[in-house]
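**Student:** Contents of entry-v2.txt (compact mmCIF, C-alpha atoms) are below:
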```txt
# COMPACT_ATOMS: atom_id res chain seq x y z
CA MET D 31 0.00 0.00 0.00
CA GLU D 32 1.33 3.31 -1.07
CA THR D 33 -0.08 5.62 1.54
CA LYS D 34 -1.79 5.58 4.90
CA THR D 35 -5.10 5.89 3.08
CA ASN D 36 -4.44 2.54 1.40
CA ARG D 37 -5.11 4.14 -1.96
CA LEU D 38 -3.47 2.37 -4.87
CA HIS D 39 -2.01 5.26 -6.83
CA PHE D 40 -0.81 3.08 -9.69
CA ILE D 41 -4.42 2.04 -10.36
CA ASP D 42 -5.57 5.66 -10.52
CA ALA D 43 -2.65 6.40 -12.86
CA MET D 44 -3.59 3.44 -15.05
CA ARG D 45 -7.16 4.66 -15.28
CA ALA D 46 -5.96 8.17 -16.14
CA TRP D 47 -3.73 6.76 -18.88
CA ALA D 48 -6.59 4.65 -20.22
CA ILE D 49 -9.06 7.56 -20.33
CA LEU D 50 -6.52 9.82 -22.09
CA MET D 51 -5.82 7.05 -24.60
CA MET D 52 -9.54 6.72 -25.13
CA LEU D 53 -9.93 10.46 -25.75
CA GLN D 54 -7.27 10.64 -28.42
CA GLY D 55 -8.32 7.27 -29.84
CA HIS D 56 -11.94 8.33 -30.34
CA PHE D 57 -10.89 11.70 -31.74
CA VAL D 58 -8.40 10.31 -34.25
CA ASP D 59 -10.52 7.33 -35.27
CA GLY D 60 -13.61 9.47 -35.75
CA LEU D 61 -12.06 12.37 -37.64
CA LEU D 62 -9.01 11.04 -39.52
CA ASP D 63 -9.52 10.75 -43.28
CA PRO D 64 -9.49 7.07 -44.42
CA VAL D 65 -6.84 7.86 -47.01
CA TYR D 66 -4.30 8.16 -44.18
CA ARG D 67 -5.25 4.84 -42.54
CA ASP D 68 -2.40 2.79 -43.96
CA PRO D 69 -1.63 -0.40 -41.95
CA GLY D 70 1.79 -0.40 -43.61
CA ASN D 71 2.63 2.93 -41.99
CA GLY D 72 4.64 2.25 -38.83
CA ILE D 73 3.27 5.18 -36.85
CA TYR D 74 -0.33 4.40 -37.71
CA SER D 75 0.21 0.70 -37.00
CA VAL D 76 1.64 1.41 -33.52
CA TRP D 77 -1.18 3.86 -32.78
CA ARG D 78 -3.82 1.32 -33.81
CA TYR D 79 -2.24 -1.40 -31.67
CA PHE D 80 -2.16 0.78 -28.57
CA ARG D 81 -5.70 1.96 -29.24
CA GLY D 82 -6.74 -1.68 -29.13
CA ILE D 83 -5.27 -1.96 -25.64
CA THR D 84 -7.25 0.97 -24.22
CA ALA D 85 -10.68 -0.62 -23.74
CA PRO D 86 -9.38 -3.88 -22.18
CA VAL D 87 -7.28 -1.87 -19.72
CA PHE D 88 -10.19 0.42 -18.87
CA PHE D 89 -12.62 -2.45 -18.28
CA THR D 90 -10.08 -4.41 -16.24
CA VAL D 91 -9.16 -1.44 -14.05
CA SER D 92 -12.85 -0.63 -13.50
CA GLY D 93 -13.47 -4.17 -12.24
CA PHE D 94 -10.35 -4.00 -10.07
CA ILE D 95 -11.29 -0.71 -8.39
CA PHE D 96 -14.90 -1.64 -7.67
CA THR D 97 -14.02 -5.07 -6.26
CA TYR D 98 -11.11 -3.76 -4.21
CA LEU D 99 -13.47 -1.30 -2.50
CA LEU D 100 -16.16 -3.99 -2.19
CA ILE D 101 -14.00 -6.49 -0.30
CA ARG D 102 -12.02 -3.92 1.70
CA VAL D 103 -14.78 -3.37 4.26
CA PRO D 104 -15.15 -5.86 7.15
CA GLN D 105 -18.83 -6.55 6.50
CA THR D 106 -19.71 -9.43 4.20
CA GLY D 107 -22.73 -10.50 2.18
CA PHE D 108 -25.78 -8.26 2.13
CA SER D 109 -24.53 -6.33 5.17
CA ASN D 110 -21.69 -4.91 3.07
CA PRO D 111 -22.51 -1.20 2.51
CA ARG D 112 -20.71 -1.29 -0.85
CA ILE D 113 -23.48 -3.52 -2.24
CA ARG D 114 -26.06 -0.74 -2.21
CA LYS D 115 -23.53 1.81 -3.48
CA GLY D 116 -22.48 -0.55 -6.25
CA LEU D 117 -26.04 -1.21 -7.40
CA ARG D 118 -26.75 2.52 -7.39
CA ARG D 119 -23.54 3.13 -9.35
CA GLY D 120 -24.38 0.43 -11.88
CA LEU D 121 -27.86 1.85 -12.49
CA GLN D 122 -26.40 5.36 -12.70
CA LEU D 123 -23.97 4.26 -15.43
CA LEU D 124 -26.81 2.66 -17.38
CA LEU D 125 -28.90 5.82 -17.10
CA ILE D 126 -26.02 8.08 -18.15
CA GLY D 127 -25.19 5.74 -21.02
CA TYR D 128 -28.70 6.12 -22.41
CA LEU D 129 -28.92 9.86 -21.72
CA LEU D 130 -25.72 10.49 -23.70
CA ARG D 131 -27.36 8.91 -26.74
CA LEU D 132 -30.54 10.93 -26.36
CA ASN D 133 -31.41 13.41 -29.10
CA LEU D 134 -33.59 16.21 -27.74
CA GLY D 135 -34.77 17.22 -31.19
CA GLY D 136 -36.14 13.77 -31.85
CA LEU D 137 -37.56 13.54 -28.34
CA LEU D 138 -39.54 16.75 -28.85
CA GLN D 139 -41.04 15.10 -31.94
CA GLY D 140 -41.90 12.01 -29.93
CA LYS D 141 -39.12 9.92 -31.50
CA LEU D 142 -36.38 7.74 -30.06
CA TYR D 143 -33.78 7.03 -32.73
CA ASN D 144 -32.18 3.60 -32.98
CA ALA D 145 -28.87 5.04 -31.76
CA PHE D 146 -30.48 5.60 -28.36
CA PHE D 147 -30.68 1.85 -27.80
CA LEU D 148 -27.07 1.08 -28.71
CA VAL D 149 -24.85 -0.27 -25.93
CA ASP D 150 -21.50 1.28 -25.12
CA VAL D 151 -18.80 1.38 -22.43
CA LEU D 152 -20.95 2.79 -19.62
CA HIS D 153 -23.71 0.23 -20.15
CA CYS D 154 -21.21 -2.63 -20.05
CA ILE D 155 -19.43 -1.40 -16.94
CA GLY D 156 -22.78 -0.83 -15.21
CA ILE D 157 -23.86 -4.41 -15.96
CA SER D 158 -20.39 -5.68 -15.02
CA ILE D 159 -20.64 -4.09 -11.57
CA MET D 160 -23.95 -5.88 -11.00
CA VAL D 161 -22.47 -9.18 -12.19
CA ILE D 162 -19.56 -8.80 -9.75
CA ILE D 163 -22.00 -8.03 -6.94
CA GLY D 164 -24.02 -11.12 -7.86
CA VAL D 165 -20.95 -13.36 -7.83
CA TYR D 166 -19.80 -11.82 -4.54
CA LEU D 167 -23.16 -12.48 -2.87
CA LEU D 168 -23.44 -16.03 -4.23
CA THR D 169 -19.99 -16.94 -2.92
CA SER D 170 -20.03 -14.93 0.34
CA GLN D 171 -21.01 -17.98 2.41
CA LEU D 172 -18.63 -20.35 0.63
CA ARG D 173 -14.90 -20.91 0.93
CA LYS D 174 -12.78 -17.82 0.24
CA TRP D 175 -11.26 -19.25 -2.92
CA MET D 176 -14.69 -19.57 -4.56
CA LEU D 177 -14.94 -15.83 -5.27
CA PRO D 178 -11.69 -15.49 -7.28
CA LEU D 179 -12.28 -18.88 -8.95
CA SER D 180 -15.78 -17.83 -10.05
CA LEU D 181 -14.55 -14.50 -11.41
CA LEU D 182 -11.68 -16.12 -13.30
CA SER D 183 -14.05 -18.77 -14.67
CA ILE D 184 -16.34 -16.07 -16.09
CA THR D 185 -13.39 -14.57 -17.97
CA LEU D 186 -12.15 -17.89 -19.33
CA LEU D 187 -15.61 -19.07 -20.42
CA LEU D 188 -16.53 -15.80 -22.13
CA PHE D 189 -13.19 -15.60 -23.94
CA LEU D 190 -13.02 -19.28 -24.85
CA PHE D 191 -16.54 -19.50 -26.29
CA GLU D 192 -16.44 -16.15 -28.12
CA PRO D 193 -16.20 -17.90 -31.54
CA VAL D 194 -19.51 -19.62 -30.75
CA TYR D 195 -21.71 -16.79 -29.50
CA SER D 196 -20.16 -14.11 -31.75
CA ASN D 197 -22.26 -15.53 -34.60
CA TRP D 198 -25.52 -15.41 -32.68
CA THR D 199 -27.88 -12.59 -33.68
CA PHE D 200 -30.21 -12.84 -30.65
CA ALA D 201 -33.04 -12.06 -33.07
CA ALA D 202 -35.62 -13.49 -30.66
CA LEU D 203 -34.92 -10.67 -28.21
CA PRO D 204 -36.19 -7.07 -28.52
CA GLU D 205 -33.52 -5.04 -30.27
CA ALA D 206 -32.89 -2.86 -27.22
CA LEU D 207 -32.08 -5.99 -25.20
CA ALA D 208 -30.27 -7.81 -28.03
CA ASN D 209 -27.85 -4.88 -28.29
CA TYR D 210 -26.33 -5.98 -25.00
CA PHE D 211 -25.23 -9.25 -26.61
CA THR D 212 -24.59 -8.59 -30.29
CA ARG D 213 -22.88 -5.91 -32.37
CA ASN D 214 -25.05 -6.65 -35.42
CA ASN D 215 -27.25 -3.62 -34.74
CA GLY D 216 -24.37 -1.19 -34.21
CA SER D 217 -23.40 -1.54 -30.55
CA VAL D 218 -19.71 -0.84 -30.03
CA PHE D 219 -19.31 -2.91 -26.86
CA THR D 220 -21.43 -5.81 -25.60
CA ILE D 221 -21.51 -7.50 -22.21
CA ILE D 222 -20.21 -10.66 -23.88
CA PRO D 223 -17.23 -10.77 -23.98
CA TRP D 224 -16.41 -7.43 -22.27
CA VAL D 225 -17.70 -8.44 -18.85
CA GLY D 226 -14.82 -10.91 -19.00
CA TYR D 227 -12.27 -8.11 -18.61
CA THR D 228 -14.04 -6.54 -15.62
CA ALA D 229 -14.39 -9.98 -14.03
CA PHE D 230 -10.66 -10.51 -14.52
CA GLY D 231 -9.98 -7.13 -12.93
CA ALA D 232 -12.15 -8.22 -10.00
CA PHE D 233 -10.15 -11.45 -9.77
CA LEU D 234 -6.89 -9.45 -9.62
CA ALA D 235 -8.35 -7.22 -6.90
CA VAL D 236 -9.23 -10.23 -4.73
CA VAL D 237 -5.74 -11.69 -5.11
CA PHE D 238 -4.10 -8.30 -4.55
CA ARG D 239 -6.16 -7.65 -1.45
CA ARG D 240 -5.40 -11.10 -0.05
CA TYR D 241 -1.64 -10.63 -0.30
CA GLN D 242 -1.46 -6.88 0.32
CA THR D 243 0.56 -7.24 3.53
CA HIS D 244 3.16 -9.52 1.96
CA MET D 245 6.64 -8.04 2.10
CA ASN D 246 7.39 -8.78 -1.56
CA LEU D 247 3.92 -8.02 -2.92
CA TYR D 248 4.98 -5.65 -5.69
CA PRO D 249 8.13 -7.48 -6.85
CA ASN D 250 6.19 -10.74 -7.06
CA ALA D 251 3.16 -9.07 -8.68
CA ILE D 252 5.34 -7.37 -11.30
CA TRP D 253 7.13 -10.56 -12.32
CA LEU D 254 3.97 -12.64 -12.33
CA SER D 255 2.15 -10.01 -14.41
CA LEU D 256 5.01 -9.85 -16.92
CA ILE D 257 5.23 -13.62 -17.24
CA ALA D 258 1.46 -13.98 -17.59
CA GLY D 259 1.27 -11.08 -20.06
CA VAL D 260 4.10 -12.26 -22.32
CA SER D 261 2.75 -15.83 -22.22
CA LEU D 262 -0.73 -14.72 -23.28
CA VAL D 263 0.56 -12.44 -26.05
CA TYR D 264 3.09 -14.83 -27.60
CA TYR D 265 2.09 -18.33 -26.51
CA SER D 266 -1.70 -18.43 -26.11
CA SER D 267 -2.24 -19.13 -29.83
CA PRO D 268 0.37 -21.95 -29.96
CA PHE D 269 -1.20 -23.37 -26.78
CA PHE D 270 -4.69 -23.47 -28.28
CA THR D 271 -3.25 -24.91 -31.50
CA PHE D 272 -1.71 -27.71 -29.43
CA LEU D 273 -5.04 -28.31 -27.66
CA HIS D 274 -6.79 -28.54 -31.02
CA GLN D 275 -4.29 -31.02 -32.40
CA TRP D 276 -4.35 -33.07 -29.21
CA SER D 277 -8.13 -33.13 -28.66
CA GLY D 278 -9.54 -32.54 -32.15
CA ILE D 279 -11.97 -29.97 -30.70
CA SER D 280 -12.56 -27.34 -33.37
CA LEU D 281 -13.35 -24.64 -30.79
CA PHE D 282 -9.64 -24.30 -30.00
CA ALA D 283 -8.82 -23.75 -33.67
CA ASP D 284 -11.58 -21.13 -33.87
CA VAL D 285 -10.03 -19.28 -30.92
CA VAL D 286 -6.66 -19.22 -32.68
CA SER D 287 -8.19 -17.80 -35.87
CA ASN D 288 -9.20 -14.62 -34.01
CA ASN D 289 -7.31 -14.69 -30.74
CA TYR D 290 -7.71 -11.05 -29.79
CA LEU D 291 -9.26 -11.54 -26.34
CA PHE D 292 -6.45 -13.54 -24.75
CA ILE D 293 -3.75 -11.47 -26.48
CA ARG D 294 -5.31 -8.24 -25.26
CA LEU D 295 -5.55 -9.74 -21.79
CA GLY D 296 -1.81 -10.30 -22.02
CA ASN D 297 -1.38 -6.65 -22.99
CA VAL D 298 -3.38 -5.68 -19.91
CA MET D 299 -1.11 -7.72 -17.65
CA ILE D 300 1.98 -6.08 -19.15
CA VAL D 301 0.45 -2.64 -18.60
CA PHE D 302 -0.26 -3.60 -14.97
CA ALA D 303 3.39 -4.64 -14.56
CA VAL D 304 4.67 -1.36 -16.04
CA PHE D 305 2.48 0.82 -13.82
CA MET D 306 3.34 -1.18 -10.71
CA LEU D 307 7.02 -0.84 -11.58
CA LEU D 308 6.67 2.95 -11.96
CA ARG D 309 4.28 3.39 -9.02
CA GLN D 310 6.67 5.55 -6.97
CA TRP D 311 6.77 8.17 -9.73
CA LEU D 312 3.03 8.10 -10.48
CA VAL D 313 2.01 10.39 -7.64
CA ASN D 314 1.30 13.58 -9.58
CA ASN D 315 -1.86 15.06 -8.10
CA THR D 316 -3.32 16.10 -11.47
CA LEU D 317 -2.74 12.66 -12.96
CA LEU D 318 -4.38 10.96 -9.99
CA LYS D 319 -7.32 13.38 -10.10
CA LEU D 320 -7.86 12.48 -13.75
CA GLY D 321 -7.93 8.82 -12.78
CA GLN D 322 -10.55 9.56 -10.14
CA ASN D 323 -12.79 11.55 -12.52
CA THR D 324 -13.00 9.30 -15.55
CA LEU D 325 -16.80 9.36 -15.64
CA SER D 326 -16.87 13.16 -15.91
CA ILE D 327 -14.21 13.05 -18.62
CA TYR D 328 -16.15 10.41 -20.54
CA VAL D 329 -19.40 12.39 -20.39
CA ILE D 330 -17.70 15.64 -21.49
CA HIS D 331 -15.85 13.95 -24.36
CA PHE D 332 -19.07 12.31 -25.57
CA ILE D 333 -20.91 15.63 -25.64
CA ILE D 334 -18.11 17.49 -27.46
CA LEU D 335 -17.20 14.75 -29.94
CA TYR D 336 -20.52 13.05 -30.65
CA GLY D 337 -22.94 15.87 -29.83
CA SER D 338 -25.07 14.27 -27.13
CA PHE D 339 -28.55 15.84 -26.80
CA THR D 340 -28.08 18.27 -29.73
CA GLY D 341 -26.30 16.18 -32.36
CA LEU D 342 -23.89 19.11 -32.87
CA GLY D 343 -20.61 17.39 -32.09
CA LEU D 344 -17.26 17.49 -33.88
CA TYR D 345 -18.06 14.13 -35.44
CA ARG D 346 -21.00 15.62 -37.33
CA PHE D 347 -18.89 18.31 -38.99
CA PHE D 348 -15.53 16.56 -39.46
CA ASP D 349 -16.47 12.90 -39.79
CA HIS D 350 -13.43 11.08 -41.32
CA SER D 351 -12.30 14.20 -43.16
CA LEU D 352 -9.18 15.60 -41.47
CA ALA D 353 -5.49 15.19 -42.28
CA PRO D 354 -2.91 14.08 -39.66
CA ASP D 355 -1.43 17.58 -39.32
CA VAL D 356 -4.84 18.72 -38.07
CA VAL D 357 -5.91 15.56 -36.21
CA ILE D 358 -2.78 15.19 -34.06
CA PRO D 359 -2.76 18.69 -32.48
CA GLY D 360 -6.55 18.52 -32.39
CA ALA D 361 -6.38 15.30 -30.36
CA VAL D 362 -3.97 16.91 -27.90
CA LEU D 363 -6.23 19.95 -27.54
CA PHE D 364 -9.24 17.66 -27.15
CA MET D 365 -7.55 15.74 -24.31
CA VAL D 366 -6.55 18.95 -22.55
CA THR D 367 -10.02 20.47 -22.92
CA CYS D 368 -11.92 17.43 -21.63
CA SER D 369 -9.47 16.93 -18.76
CA PHE D 370 -9.54 20.60 -17.73
CA ALA D 371 -13.34 20.70 -17.84
CA ALA D 372 -13.60 17.53 -15.73
CA LEU D 373 -11.13 18.83 -13.14
CA GLN D 374 -13.01 22.12 -12.92
CA TYR D 375 -16.24 20.21 -12.40
CA ASP D 376 -14.59 18.17 -9.65
CA LYS D 377 -13.30 21.35 -8.02
CA HIS D 378 -16.72 23.02 -8.00
CA GLU D 379 -18.87 19.89 -7.77
CA VAL D 380 -20.50 20.81 -4.46
CA PHE D 381 -21.48 24.27 -5.72
CA ILE D 382 -22.74 22.95 -9.06
CA LYS D 383 -24.84 20.24 -7.41
CA GLY D 384 -26.19 22.84 -5.00
CA GLN D 385 -27.27 25.07 -7.87
CA LEU D 386 -28.81 22.12 -9.68
CA ALA D 387 -30.75 21.27 -6.52
CA VAL D 388 -32.09 24.85 -6.40
CA VAL D 389 -33.13 24.60 -10.05
CA ARG D 390 -34.81 21.23 -9.42
CA GLN D 391 -36.75 22.69 -6.50
CA SER D 392 -37.80 25.68 -8.59
CA VAL D 393 -38.92 23.48 -11.45
CA LYS D 394 -40.69 21.19 -9.00
CA GLY D 395 -42.50 24.20 -7.50
CA VAL D 396 -43.59 25.45 -10.92
CA LEU D 397 -44.81 21.99 -11.93
CA LEU D 398 -46.74 21.53 -8.68
CA LYS D 399 -48.31 24.96 -9.07
CA GLY D 400 -49.25 24.13 -12.64
CA TYR D 401 -50.64 20.76 -11.53
CA TYR D 402 -52.86 22.34 -8.86
CA SER D 403 -54.05 25.03 -11.27
CA PHE D 404 -54.85 22.44 -13.90
CA SER D 405 -56.65 20.31 -11.29
CA GLN D 406 -58.79 23.29 -10.29
CA TYR D 407 -59.57 23.95 -13.93
CA LEU D 408 -60.63 20.32 -14.43
CA ILE D 409 -62.88 20.49 -11.36
CA ILE D 410 -64.56 23.68 -12.63
CA LEU D 411 -64.86 22.16 -16.13
CA GLN D 412 -66.37 18.98 -14.70
CA ASP D 413 -68.87 21.02 -12.67
CA LYS D 414 -69.91 23.01 -15.73
CA ILE D 415 -70.35 19.83 -17.80
CA LEU D 416 -72.49 18.24 -15.09
CA ARG D 417 -74.61 21.40 -14.83
CA LEU D 418 -75.03 21.41 -18.61
CA ILE D 419 -76.11 17.77 -18.59
CA ASN D 420 -78.65 18.40 -15.81
CA VAL D 421 -80.06 21.43 -17.62
CA SER D 422 -80.42 19.48 -20.88
CA LYS D 423 -82.20 16.67 -19.01
CA GLY D 424 -84.60 19.11 -17.40
```
Would you encode the structure as structure tokens?
**Tutor:**
Amino acid sequence: METKTNRLHFIDAMRAWAILMMLQGHFVDGLLDPVYRDPGNGIYSVWRYFRGITAPVFFTVSGFIFTYLLIRVPQTGFSNPRIRKGLRRGLQLLLIGYLLRLNLGGLLQGKLYNAFFLVDVLHCIGISIMVIIGVYLLTSQLRKWMLPLSLLSITLLLFLFEPVYSNWTFAALPEALANYFTRNNGSVFTIIPWVGYTAFGAFLAVVFRRYQTHMNLYPNAIWLSLIAGVSLVYYSSPFFTFLHQWSGISLFADVVSNNYLFIRLGNVMIVFAVFMLLRQWLVNNTLLKLGQNTLSIYVIHFIILYGSFTGLGLYRFFDHSLAPDVVIPGAVLFMVTCSFAALQYDKHEVFIKGQLAVVRQSVKGVLLKGYYSFSQYLIILQDKILRLINVSKG
């Protein structure tokens, strides 16, 4: 543990790195002209590879942080106060995920566009938190090793059977629900397989927490992470090839044909090792604050880039149309802008929430006044109608 507060600074730094990588990744991918997307270009190839690491790292770290806080308290089972907070957080992420895809213009016309029902990062992390809570509660009365074993099993099963369920369309489900399982309708992320990364992060948190007082925790964790990471990146495909040849099970060959999940998991382990190795230098207050405000950064970037609510985002005006000499400085400016805005929000959060509460109360008062006035009008109207009916009968 790095400080008396038991806060793991390297995890906050990892999350900050992941969110910054996501910002520039979304900006460049959304605005760079396709003519410059040359896989043979070394710079573009390296950028694309590291962009592919971003989401797995972000999901894994999210699972790690939530689970570390969940199991840190002495209470267990339903008496754990983090259960209620986690459920509230999960539902909040789902709500924000849908709100960010809301188009007010369409809503005023009584329309909900198909994009509203697409599933993205926030939806998946919200569901993942609930899955972790479910596993935690189901194993709380069992032996201690059942929790990490269950979490690791979720990861392995989701990753191993990805070639099977990736072809399922889930056509029997309503599209809004099917979007959680298939990308056929346009969802960027789905809970299968991405819950696997958060479950793996939860598994790491349980192991880390269990051995946190060990004298050689970090040296051992760094070497184990490096060995596991390199093995997954370079030897997972040969291993599954061997299993296919030995058993004749075609599933193992299918995994090898598109082995991105296990390789990316190896990348995640290497990133963990690097940040643990550099943990003593990752104590910059601004960097750590960014890692603690990733939700604010995500919301701000979504509004600016994709035009949440109004549809007037950068993506609408510069969709796949910019050259590298514009995109690169633009990405840097975009990262700085989103980060600065999020930090300012964090700094003035209490005041902002206070003002929003005042506005809510004012709106509530106006609505109640309007409701009572309308009720009185209906009563008078009803009385007049009844009088008219009685007169006509007479």
**Student:** Dump as a list of chain:residue names all residues having an atom at most 9 Å from (-0.7, -6.3, -16.8), computed in the file's coordinates with only C-alpha atoms.
**Tutor:**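 Here is the list of nearby residues: D:Val87, D:Ile252, D:Ser255, D:Leu256, D:Ala258, D:Gly259, D:Leu295, D:Gly296, D:Asn297, D:Val298, D:Met299, D:Ile300, D:Val301, D:Phe302, D:Ala303, D:Val304, D:Phe305, D:Met306.
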**Student:** Within 6 Å of region 372-376 of chain D, counting only C-alpha atoms, which residues qualify if same-chain residues fewer than 3 places away don't, as a PDB file with C-alpha atoms, in the coordinates of the input?
**Tutor:**
```pdb
ATOM      1  CA  SER D 326     -16.870  13.160 -15.910  1.00  0.00           C
ATOM      2  CA  ILE D 327     -14.210  13.050 -18.620  1.00  0.00           C
ATOM      3  CA  SER D 369      -9.470  16.930 -18.760  1.00  0.00           C
ATOM      4  CA  GLU D 379     -18.870  19.890  -7.770  1.00  0.00           C
TER       5      GLU D 379
END
```
**Student:** Need to verify the contact set: Ser183 (chain D), 10 Å, only C-alpha atoms, exclusion of same-chain residues closer than 6 positions in sequence. Can you return it as a list in words?
**Tutor:** Leu177, Phe189, Gly226, Ala229, Phe230 and Phe233 of chain D
**Student:** Could you write out that same residue set with C-alpha atoms as a CSV table (one decimal), in the coordinates of the input?
**Tutor:**
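Below is the file that was written, again31.csv:
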```csv
chain,number,residue,atom,x,y,z
D,177,LEU,CA,-14.9,-15.8,-5.3
D,189,PHE,CA,-13.2,-15.6,-23.9
D,226,GLY,CA,-14.8,-10.9,-19.0
D,229,ALA,CA,-14.4,-10.0,-14.0
D,230,PHE,CA,-10.7,-10.5,-14.5
D,233,PHE,CA,-10.2,-11.4,-9.8
```
**Student:** Select, from D:Leu181, D:Lys319, D:Thr84, D:Ile333, the residue with the minimum atom-to-atom distance to Asp42 (chain D), counting all atoms listed in the file.
**Tutor:**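 Of all the options, D:Lys319 lies closest to Asp42 (chain D).
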**Student:** Give me, as a Markdown table, the closest atom pair and its distance (Å, one decimal) for every residue of region 57-149 of chain D within a cut-off of 8 Å of region 344-349 of chain D, counting only C-alpha atoms, rows sorted by chain and rising number.
**Tutor:**
```
| residue | atom | partner | partner_atom | distance |
| --- | --- | --- | --- | --- |
| D:Gly60 | CA | D:Asp349 | CA | 6.0 |
| D:Leu61 | CA | D:Asp349 | CA | 4.9 |
| D:Leu62 | CA | D:Asp349 | CA | 7.7 |
```
**Student:** Counting only C-alpha atoms, which of D:Leu168, D:Asp59, D:Lys115, D:Ala46 gets nearest to Leu335 (chain D)?
**Tutor:**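 Of the candidates, the smallest distance to Leu335 (chain D) is held by D:Asp59.
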**Student:** So how far away is CA of Val194 (chain D) from CA of Leu273 (chain D), in Å?
**Tutor:**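 Taking CA of Leu273 (chain D) as the start and CA of Val194 (chain D) as the end point, the length is 17.2 Å.
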**Student:** Around all the atoms of region 312-323 of chain D listed in the file, draw an axis-aligned box and extend it by 4 Å on each of the six sides; I want its centre and edge lengths in Å to one decimal, as lines of an AutoDock Vina configuration file.
**Tutor:**
```
center_x = -4.9
center_y = 12.1
center_z = -10.7
size_x = 23.8
size_y = 16.0
size_z = 14.1
```
**Student:** Could you name the residues that touch Gly216 (chain D) at 12 Å or less, counting all atoms listed in the file, but leaving out those on the same chain fewer than 4 positions away, as number ranges by chain?
**Tutor:** D: 144-150, 199, 205-206, 208-212, 220
**Student:** Select, counting all atoms listed in the file, all protein, DNA and RNA residues no farther than 12 Å from (-15.4, -3.2, -11.4) in file coordinates, and express the selection as a PDB file with C-alpha atoms, in the coordinates of the input.
**Tutor:**
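result_31.pdb, written as the output of this step:
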```pdb
ATOM      1  CA  VAL D  87      -7.280  -1.870 -19.720  1.00  0.00           C
ATOM      2  CA  PHE D  88     -10.190   0.420 -18.870  1.00  0.00           C
ATOM      3  CA  PHE D  89     -12.620  -2.450 -18.280  1.00  0.00           C
ATOM      4  CA  THR D  90     -10.080  -4.410 -16.240  1.00  0.00           C
ATOM      5  CA  VAL D  91      -9.160  -1.440 -14.050  1.00  0.00           C
ATOM      6  CA  SER D  92     -12.850  -0.630 -13.500  1.00  0.00           C
ATOM      7  CA  GLY D  93     -13.470  -4.170 -12.240  1.00  0.00           C
ATOM      8  CA  PHE D  94     -10.350  -4.000 -10.070  1.00  0.00           C
ATOM      9  CA  ILE D  95     -11.290  -0.710  -8.390  1.00  0.00           C
ATOM     10  CA  PHE D  96     -14.900  -1.640  -7.670  1.00  0.00           C
ATOM     11  CA  THR D  97     -14.020  -5.070  -6.260  1.00  0.00           C
ATOM     12  CA  TYR D  98     -11.110  -3.760  -4.210  1.00  0.00           C
ATOM     13  CA  LEU D  99     -13.470  -1.300  -2.500  1.00  0.00           C
ATOM     14  CA  LEU D 100     -16.160  -3.990  -2.190  1.00  0.00           C
ATOM     15  CA  ILE D 101     -14.000  -6.490  -0.300  1.00  0.00           C
ATOM     16  CA  ARG D 112     -20.710  -1.290  -0.850  1.00  0.00           C
ATOM     17  CA  GLY D 116     -22.480  -0.550  -6.250  1.00  0.00           C
ATOM     18  CA  LEU D 117     -26.040  -1.210  -7.400  1.00  0.00           C
ATOM     19  CA  ARG D 119     -23.540   3.130  -9.350  1.00  0.00           C
ATOM     20  CA  GLY D 120     -24.380   0.430 -11.880  1.00  0.00           C
ATOM     21  CA  LEU D 152     -20.950   2.790 -19.620  1.00  0.00           C
ATOM     22  CA  CYS D 154     -21.210  -2.630 -20.050  1.00  0.00           C
ATOM     23  CA  ILE D 155     -19.430  -1.400 -16.940  1.00  0.00           C
ATOM     24  CA  GLY D 156     -22.780  -0.830 -15.210  1.00  0.00           C
ATOM     25  CA  ILE D 157     -23.860  -4.410 -15.960  1.00  0.00           C
ATOM     26  CA  SER D 158     -20.390  -5.680 -15.020  1.00  0.00           C
ATOM     27  CA  ILE D 159     -20.640  -4.090 -11.570  1.00  0.00           C
ATOM     28  CA  MET D 160     -23.950  -5.880 -11.000  1.00  0.00           C
ATOM     29  CA  VAL D 161     -22.470  -9.180 -12.190  1.00  0.00           C
ATOM     30  CA  ILE D 162     -19.560  -8.800  -9.750  1.00  0.00           C
ATOM     31  CA  ILE D 163     -22.000  -8.030  -6.940  1.00  0.00           C
ATOM     32  CA  TYR D 166     -19.800 -11.820  -4.540  1.00  0.00           C
ATOM     33  CA  LEU D 181     -14.550 -14.500 -11.410  1.00  0.00           C
ATOM     34  CA  TRP D 224     -16.410  -7.430 -22.270  1.00  0.00           C
ATOM     35  CA  VAL D 225     -17.700  -8.440 -18.850  1.00  0.00           C
ATOM     36  CA  GLY D 226     -14.820 -10.910 -19.000  1.00  0.00           C
ATOM     37  CA  TYR D 227     -12.270  -8.110 -18.610  1.00  0.00           C
ATOM     38  CA  THR D 228     -14.040  -6.540 -15.620  1.00  0.00           C
ATOM     39  CA  ALA D 229     -14.390  -9.980 -14.030  1.00  0.00           C
ATOM     40  CA  PHE D 230     -10.660 -10.510 -14.520  1.00  0.00           C
ATOM     41  CA  GLY D 231      -9.980  -7.130 -12.930  1.00  0.00           C
ATOM     42  CA  ALA D 232     -12.150  -8.220 -10.000  1.00  0.00           C
ATOM     43  CA  PHE D 233     -10.150 -11.450  -9.770  1.00  0.00           C
ATOM     44  CA  LEU D 234      -6.890  -9.450  -9.620  1.00  0.00           C
ATOM     45  CA  ALA D 235      -8.350  -7.220  -6.900  1.00  0.00           C
ATOM     46  CA  VAL D 236      -9.230 -10.230  -4.730  1.00  0.00           C
TER      47      VAL D 236
END
```
**Student:** Just the residues within 6 Å of region 63-70 of chain D, please, counting only C-alpha atoms, with nothing from its chain fewer than 5 positions along; format it as a list of chain:residue names.
**Tutor:**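 Near region 63-70 of chain D, the qualifying residues are D:Ser75, D:His350, D:Ser351, D:Leu352.
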